[in-house]
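Student: A single structure is presented below for examination.
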Amino acid sequence: MDSSTYCTSSIFGLITLLVVFTFHQAVKGSRLFAALVALWIAIQCGTALAGYFKVTDTAFPRLMLVVVPPALLMAWLFLAGPGKALIDRMNVDLLTMIHVVRAPIGVVMYWAFIDRMVPYEMTFGGGNPDILAGLSAPCIYFIGVMRSGMKWRLMVMWNFVCLGLLLHELFRAVLSAPFFFQTIGLDQPNVLVLRCPFVLLPGVVVPILLCAHIVVIRNLVKAHWQEPKFVSSGRAVIHHFFS
(Lines give C-alpha, C1' and ligand atoms only; values in the text may rest on other atoms or scores of the structure.)
Protein backbone atom coordinates (compact mmCIF):
# COMPACT_ATOMS: atom_id res chain seq x y z
CA MET A 1 0.00 0.00 0.00
CA ASP A 2 1.50 3.34 -1.06
CA SER A 3 1.43 6.45 1.09
CA SER A 4 -1.52 8.09 -0.72
CA THR A 5 -3.68 4.96 -0.39
CA TYR A 6 -2.71 4.63 3.27
CA CYS A 7 -3.70 8.26 3.88
CA THR A 8 -7.02 7.78 2.08
CA SER A 9 -7.73 4.59 4.05
CA SER A 10 -6.93 6.29 7.36
CA ILE A 11 -9.18 9.24 6.64
CA PHE A 12 -12.03 7.00 5.56
CA GLY A 13 -11.57 4.89 8.69
CA LEU A 14 -11.94 8.01 10.82
CA ILE A 15 -15.05 9.02 8.86
CA THR A 16 -16.58 5.61 9.49
CA LEU A 17 -15.86 5.84 13.22
CA LEU A 18 -17.45 9.29 13.33
CA VAL A 19 -20.57 8.04 11.54
CA VAL A 20 -20.92 5.04 13.84
CA PHE A 21 -20.28 7.09 16.99
CA THR A 22 -22.80 9.80 16.01
CA PHE A 23 -25.49 7.23 15.17
CA HIS A 24 -24.72 5.40 18.41
CA GLN A 25 -25.35 8.64 20.31
CA ALA A 26 -28.54 9.22 18.33
CA VAL A 27 -29.91 5.86 19.48
CA LYS A 28 -29.19 6.86 23.08
CA GLY A 29 -25.96 4.88 23.41
CA SER A 30 -27.51 1.46 22.89
CA ARG A 31 -25.04 -1.23 23.93
CA LEU A 32 -26.72 -3.74 21.66
CA PHE A 33 -26.22 -1.45 18.68
CA ALA A 34 -22.56 -0.93 19.58
CA ALA A 35 -21.96 -4.68 19.88
CA LEU A 36 -23.73 -5.51 16.61
CA VAL A 37 -21.91 -2.81 14.64
CA ALA A 38 -18.51 -3.74 16.09
CA LEU A 39 -19.10 -7.39 15.14
CA TRP A 40 -20.35 -6.44 11.68
CA ILE A 41 -17.33 -4.20 11.03
CA ALA A 42 -14.94 -6.95 12.16
CA ILE A 43 -16.61 -9.48 9.84
CA GLN A 44 -16.52 -7.14 6.84
CA CYS A 45 -12.92 -6.05 7.36
CA GLY A 46 -11.69 -9.61 7.94
CA THR A 47 -13.49 -10.87 4.84
CA ALA A 48 -12.17 -8.00 2.71
CA LEU A 49 -8.58 -8.49 3.95
CA ALA A 50 -8.85 -12.15 2.95
CA GLY A 51 -9.63 -11.01 -0.60
CA TYR A 52 -13.09 -12.57 -0.66
CA PHE A 53 -14.78 -9.61 -2.38
CA LYS A 54 -12.10 -9.28 -5.08
CA VAL A 55 -13.52 -12.36 -6.83
CA THR A 56 -15.98 -10.68 -9.20
CA ASP A 57 -16.71 -13.37 -11.80
CA THR A 58 -19.34 -15.19 -9.76
CA ALA A 59 -23.02 -15.35 -10.76
CA PHE A 60 -24.02 -13.63 -7.51
CA PRO A 61 -21.78 -10.63 -6.64
CA ARG A 62 -20.15 -11.38 -3.32
CA LEU A 63 -20.20 -7.72 -2.34
CA MET A 64 -23.98 -7.89 -2.12
CA LEU A 65 -23.56 -9.91 1.06
CA VAL A 66 -22.54 -6.75 2.92
CA VAL A 67 -25.81 -5.07 1.96
CA VAL A 68 -28.30 -7.72 3.06
CA PRO A 69 -27.87 -7.56 6.89
CA PRO A 70 -28.20 -3.72 7.05
CA ALA A 71 -31.26 -3.91 4.78
CA LEU A 72 -32.88 -6.49 7.05
CA LEU A 73 -32.08 -4.39 10.12
CA MET A 74 -33.64 -1.31 8.53
CA ALA A 75 -36.74 -3.33 7.63
CA TRP A 76 -37.01 -4.43 11.27
CA LEU A 77 -36.63 -0.84 12.48
CA PHE A 78 -39.43 0.54 10.33
CA LEU A 79 -41.83 -2.43 10.37
CA ALA A 80 -41.54 -4.09 13.79
CA GLY A 81 -43.05 -2.62 16.95
CA PRO A 82 -39.79 -2.56 18.97
CA GLY A 83 -38.00 -1.04 15.98
CA LYS A 84 -40.56 1.75 15.67
CA ALA A 85 -40.29 2.42 19.41
CA LEU A 86 -36.50 2.75 19.02
CA ILE A 87 -36.93 5.15 16.10
CA ASP A 88 -39.27 7.31 18.17
CA ARG A 89 -36.48 7.81 20.72
CA MET A 90 -33.77 8.70 18.19
CA ASN A 91 -32.16 12.14 18.32
CA VAL A 92 -33.23 13.99 15.17
CA ASP A 93 -30.65 16.73 15.72
CA LEU A 94 -27.72 14.30 15.61
CA LEU A 95 -29.22 12.51 12.63
CA THR A 96 -29.20 15.85 10.81
CA MET A 97 -25.61 16.74 11.68
CA ILE A 98 -24.31 13.27 10.77
CA HIS A 99 -24.47 14.16 7.07
CA VAL A 100 -21.48 16.53 7.30
CA VAL A 101 -19.32 13.45 6.64
CA ARG A 102 -20.50 13.40 3.04
CA ALA A 103 -18.23 16.35 2.23
CA PRO A 104 -14.99 14.56 3.19
CA ILE A 105 -16.32 11.37 1.60
CA GLY A 106 -16.58 13.31 -1.64
CA VAL A 107 -12.93 14.30 -1.27
CA VAL A 108 -11.99 10.67 -0.58
CA MET A 109 -13.79 9.64 -3.77
CA TYR A 110 -11.73 12.14 -5.76
CA TRP A 111 -8.48 10.86 -4.23
CA ALA A 112 -9.59 7.33 -5.05
CA PHE A 113 -10.16 8.40 -8.65
CA ILE A 114 -6.62 9.77 -8.79
CA ASP A 115 -5.39 6.40 -7.47
CA ARG A 116 -7.49 4.67 -10.19
CA MET A 117 -9.81 2.89 -7.79
CA VAL A 118 -13.10 4.53 -8.87
CA PRO A 119 -14.29 6.00 -12.17
CA TYR A 120 -14.54 9.72 -12.73
CA GLU A 121 -18.34 9.40 -12.62
CA MET A 122 -18.07 8.66 -8.89
CA THR A 123 -16.55 12.10 -8.15
CA PHE A 124 -18.22 15.48 -7.73
CA GLY A 125 -16.59 16.60 -10.97
CA GLY A 126 -18.03 13.64 -12.83
CA GLY A 127 -21.68 14.29 -12.02
CA ASN A 128 -21.95 13.03 -8.46
CA PRO A 129 -23.29 16.01 -6.45
CA ASP A 130 -23.64 14.17 -3.12
CA ILE A 131 -20.94 16.40 -1.63
CA LEU A 132 -23.54 19.20 -1.61
CA ALA A 133 -25.42 17.36 1.14
CA GLY A 134 -22.32 17.40 3.33
CA LEU A 135 -21.61 21.06 2.63
CA SER A 136 -25.19 22.14 3.37
CA ALA A 137 -25.64 20.02 6.51
CA PRO A 138 -23.88 22.47 8.90
CA CYS A 139 -26.07 25.32 7.63
CA ILE A 140 -29.23 23.26 7.98
CA TYR A 141 -28.19 22.24 11.50
CA PHE A 142 -27.37 25.81 12.53
CA ILE A 143 -30.52 27.39 11.10
CA GLY A 144 -32.98 24.57 11.64
CA VAL A 145 -31.74 23.11 14.94
CA MET A 146 -29.64 25.62 16.85
CA ARG A 147 -31.59 28.72 15.81
CA SER A 148 -34.93 26.99 15.21
CA GLY A 149 -35.33 29.28 12.24
CA MET A 150 -36.39 26.69 9.66
CA LYS A 151 -39.89 25.33 9.25
CA TRP A 152 -40.19 21.59 9.68
CA ARG A 153 -41.49 21.12 6.16
CA LEU A 154 -38.32 22.66 4.75
CA MET A 155 -36.30 20.28 6.91
CA VAL A 156 -38.27 17.41 5.41
CA MET A 157 -37.69 18.74 1.90
CA TRP A 158 -33.93 19.01 2.51
CA ASN A 159 -33.86 15.43 3.75
CA PHE A 160 -35.78 14.23 0.70
CA VAL A 161 -33.39 16.04 -1.67
CA CYS A 162 -30.29 14.72 0.11
CA LEU A 163 -31.80 11.24 0.24
CA GLY A 164 -32.15 11.44 -3.53
CA LEU A 165 -28.50 12.51 -3.85
CA LEU A 166 -27.42 9.56 -1.72
CA LEU A 167 -29.46 7.09 -3.76
CA HIS A 168 -28.01 8.60 -6.94
CA GLU A 169 -24.49 8.01 -5.59
CA LEU A 170 -25.43 4.48 -4.54
CA PHE A 171 -26.74 3.59 -8.00
CA ARG A 172 -23.58 4.95 -9.62
CA ALA A 173 -21.42 2.94 -7.26
CA VAL A 174 -23.36 -0.25 -8.03
CA LEU A 175 -23.40 0.26 -11.80
CA SER A 176 -19.66 1.03 -11.88
CA ALA A 177 -18.64 -2.03 -9.82
CA PRO A 178 -16.81 -4.77 -11.79
CA PHE A 179 -19.78 -7.12 -12.05
CA PHE A 180 -21.73 -8.48 -15.01
CA PHE A 181 -24.21 -5.56 -14.89
CA GLN A 182 -21.54 -2.81 -14.98
CA THR A 183 -22.55 0.05 -17.29
CA ILE A 184 -20.55 2.99 -15.85
CA GLY A 185 -16.80 3.49 -15.79
CA LEU A 186 -15.97 0.59 -18.06
CA ASP A 187 -12.38 1.84 -18.43
CA GLN A 188 -11.97 2.16 -14.66
CA PRO A 189 -14.37 0.06 -12.53
CA ASN A 190 -15.22 0.85 -8.94
CA VAL A 191 -12.81 -1.51 -7.18
CA LEU A 192 -12.54 0.70 -4.10
CA VAL A 193 -15.40 -0.98 -2.24
CA LEU A 194 -13.79 -4.40 -2.66
CA ARG A 195 -11.00 -3.40 -0.28
CA CYS A 196 -10.69 -2.82 3.44
CA PRO A 197 -11.75 -0.42 4.96
CA PHE A 198 -13.75 0.90 1.99
CA VAL A 199 -16.05 -2.12 2.05
CA LEU A 200 -17.58 -0.34 5.06
CA LEU A 201 -18.95 2.33 2.72
CA PRO A 202 -21.78 0.12 1.37
CA GLY A 203 -21.83 -2.08 4.46
CA VAL A 204 -22.02 0.52 7.23
CA VAL A 205 -21.77 4.19 6.22
CA VAL A 206 -24.38 4.36 3.44
CA PRO A 207 -27.00 2.30 5.35
CA ILE A 208 -26.60 4.57 8.40
CA LEU A 209 -26.94 7.73 6.28
CA LEU A 210 -29.99 6.32 4.51
CA CYS A 211 -31.54 5.36 7.82
CA ALA A 212 -30.80 8.81 9.26
CA HIS A 213 -32.69 10.55 6.45
CA ILE A 214 -35.71 8.25 6.65
CA VAL A 215 -35.89 8.46 10.46
CA VAL A 216 -35.77 12.28 10.42
CA ILE A 217 -38.46 12.48 7.73
CA ARG A 218 -40.67 10.01 9.60
CA ASN A 219 -40.26 11.62 13.01
CA LEU A 220 -40.77 15.18 11.77
CA VAL A 221 -43.91 14.26 9.84
CA LYS A 222 -45.22 12.21 12.75
CA ALA A 223 -44.62 15.04 15.23
CA HIS A 224 -45.95 17.96 13.17
CA TRP A 225 -48.24 16.77 10.40
CA GLN A 226 -51.86 17.79 10.50
CA GLU A 227 -54.47 17.23 7.83
CA PRO A 228 -54.43 20.40 5.72
CA LYS A 229 -57.68 22.29 5.68
CA PHE A 230 -59.28 23.16 2.38
CA VAL A 231 -58.47 26.73 1.34
CA SER A 232 -59.38 28.31 -1.94
CA SER A 233 -56.60 30.87 -2.10
CA GLY A 234 -53.33 29.73 -3.67
CA ARG A 235 -51.44 32.14 -1.43
CA ALA A 236 -53.07 30.59 1.63
CA VAL A 237 -51.98 27.11 0.51
CA ILE A 238 -48.38 28.27 0.13
CA HIS A 239 -48.50 30.00 3.49
CA HIS A 240 -49.93 26.86 5.11
CA PHE A 241 -47.18 24.66 3.64
CA PHE A 242 -44.31 26.84 4.88
CA SER A 243 -45.84 27.75 8.26
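By order of appearance in the C-alpha coordinates: chains A, B, ..., then residues from 1 within every chain, and ligands from 1 in the order shown.
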If we count only C-alpha atoms, what is near Arg62 in chain A at a cut-off of 9 Å, once residues fewer than 5 positions away on the same chain are taken out, given as a list in words?
Tutor: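 Listed by chain and then number, they are Tyr52, Phe53, Lys54, Val55 and Thr56 of chain A.
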Student: List every residue of range 89-114 of chain A that has an atom at most 12 Å from any atom of range 157-172 of chain A, giving for each one its closest atom pair and the distance in Å to one decimal, counting only C-alpha atoms, sorted by chain and then by ascending residue number, as JSON lines.
Tutor:
```
{"residue": "A:Val92", "atom": "CA", "partner": "A:Asn159", "partner_atom": "CA", "distance": 11.5}
{"residue": "A:Leu95", "atom": "CA", "partner": "A:Asn159", "partner_atom": "CA", "distance": 10.4}
{"residue": "A:Thr96", "atom": "CA", "partner": "A:Asn159", "partner_atom": "CA", "distance": 8.5}
{"residue": "A:Met97", "atom": "CA", "partner": "A:Asn159", "partner_atom": "CA", "distance": 11.5}
{"residue": "A:His99", "atom": "CA", "partner": "A:Cys162", "partner_atom": "CA", "distance": 9.1}
{"residue": "A:Val100", "atom": "CA", "partner": "A:Cys162", "partner_atom": "CA", "distance": 11.5}
{"residue": "A:Arg102", "atom": "CA", "partner": "A:Leu166", "partner_atom": "CA", "distance": 9.2}
{"residue": "A:Ile105", "atom": "CA", "partner": "A:Glu169", "partner_atom": "CA", "distance": 11.4}
{"residue": "A:Gly106", "atom": "CA", "partner": "A:Glu169", "partner_atom": "CA", "distance": 10.3}
{"residue": "A:Met109", "atom": "CA", "partner": "A:Glu169", "partner_atom": "CA", "distance": 11.0}
```
Student: Which one is closest to Val118 in chain A: A:Ser136, A:Gln182, A:Asn190, A:Thr16? Count only C-alpha atoms.
Tutor: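 Under the stated criterion, the closest residue is A:Asn190.
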Student: Report as a list in words all protein, DNA and RNA residues lying within 7 Å of range 25-38 of chain A, evaluated on only C-alpha atoms, omitting residues in the same chain fewer than 6 positions from it.
Tutor: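 That gives Arg89, Met90, Asn91, Leu94 and Leu95 of chain A.
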Student: Save the residues we just selected, N, CA and C atoms, as a CSV table (one decimal), in the first residue's frame?
Tutor:
```
chain,number,residue,atom,x,y,z
A,89,ARG,N,-37.4,7.2,19.7
A,89,ARG,CA,-36.5,7.8,20.7
A,89,ARG,C,-35.2,8.4,20.1
A,90,MET,N,-35.0,8.2,18.8
A,90,MET,CA,-33.8,8.7,18.2
A,90,MET,C,-33.7,10.2,18.2
A,91,ASN,N,-32.4,10.7,18.3
A,91,ASN,CA,-32.2,12.1,18.3
A,91,ASN,C,-32.1,12.7,16.9
A,94,LEU,N,-28.9,15.0,16.0
A,94,LEU,CA,-27.7,14.3,15.6
A,94,LEU,C,-27.8,13.6,14.2
A,95,LEU,N,-29.0,13.1,13.9
A,95,LEU,CA,-29.2,12.5,12.6
A,95,LEU,C,-29.2,13.5,11.5
```
Student: Write out as an MDAnalysis selection string all residues of range 157-219 of chain A that backbone DSSP assigns to alpha helix (DSSP H).
Tutor: chainID A and resid 157:175 200 206:219
Student: What lies within 8 Å of range 69-74 of chain A using only C-alpha atoms, ignoring chain neighbours under 6 positions off, as a PyMOL selection string?
Tutor: chain A and resi 203-204+207+211
Student: Can you spit out the residues from that selection as a JSON list (two decimals), in the first residue's frame, using N, CA and C atoms?
Tutor:
```json
[["chain", "number", "residue", "atom", "x", "y", "z"],
["A", 203, "GLY", "N", -21.41, -1.19, 3.39],
["A", 203, "GLY", "CA", -21.83, -2.08, 4.46],
["A", 203, "GLY", "C", -22.22, -1.41, 5.75],
["A", 204, "VAL", "N", -21.74, -0.17, 5.97],
["A", 204, "VAL", "CA", -22.02, 0.52, 7.23],
["A", 204, "VAL", "C", -22.42, 1.98, 7.00],
["A", 207, "PRO", "N", -25.76, 2.67, 4.65],
["A", 207, "PRO", "CA", -27.00, 2.30, 5.35],
["A", 207, "PRO", "C", -27.35, 3.23, 6.52],
["A", 211, "CYS", "N", -30.65, 5.50, 6.67],
["A", 211, "CYS", "CA", -31.54, 5.36, 7.82],
["A", 211, "CYS", "C", -31.75, 6.70, 8.51]]
```
Student: List as a list of chain:residue names the protein and nucleic acid residues near range 43-47 of chain A, meaning an atom at most 7 Å away when only C-alpha atoms are counted, but skip any in the same chain fewer than 4 places from it.
Tutor: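 The filter keeps A:Leu39, A:Gly51, A:Tyr52, A:Cys196, A:Pro197, A:Val199.
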Student: For CA of Phe60 in chain A and CA of Gln188 in chain A, determine how far apart the two atoms are, in Å to one decimal place.
Tutor: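 A separation of 21.1 Å between them.
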Student: Write out as a PyMOL selection string each polymer residue whose atoms come within 12 Å of Met146 in chain A, counting only C-alpha atoms; drop sequence neighbours fewer than 3 positions from it.
Tutor: chain A and resi 93-94+96-97+138-143+149-150
Student: Which residue out of A:Leu65, A:Ala103, A:Ile87, A:Ile217 has the minimum interatomic distance to Phe23 in chain A when only C-alpha atoms are used?
Tutor: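 Using only C-alpha atoms, the shortest distance to Phe23 in chain A belongs to A:Ile87.
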Student: So which residues touch Asp88 in chain A within 12 Å, counting only C-alpha atoms, skipping near sequence neighbours fewer than 4 positions away, as a list in words?
Tutor: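 Within the cut-off, the hits are Ala26, Val27, Lys28, Leu77, Phe78, Gly81, Pro82, Gly83, Lys84, Val92, Val215, Val216, Ile217, Arg218, Asn219, Leu220, Val221, Lys222 and Ala223 of chain A.
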Student: Quick one: pull the distance between CA of Leu49 in chain A and CA of Met122 in chain A, Å, one decimal.
Tutor: 23.4 Å
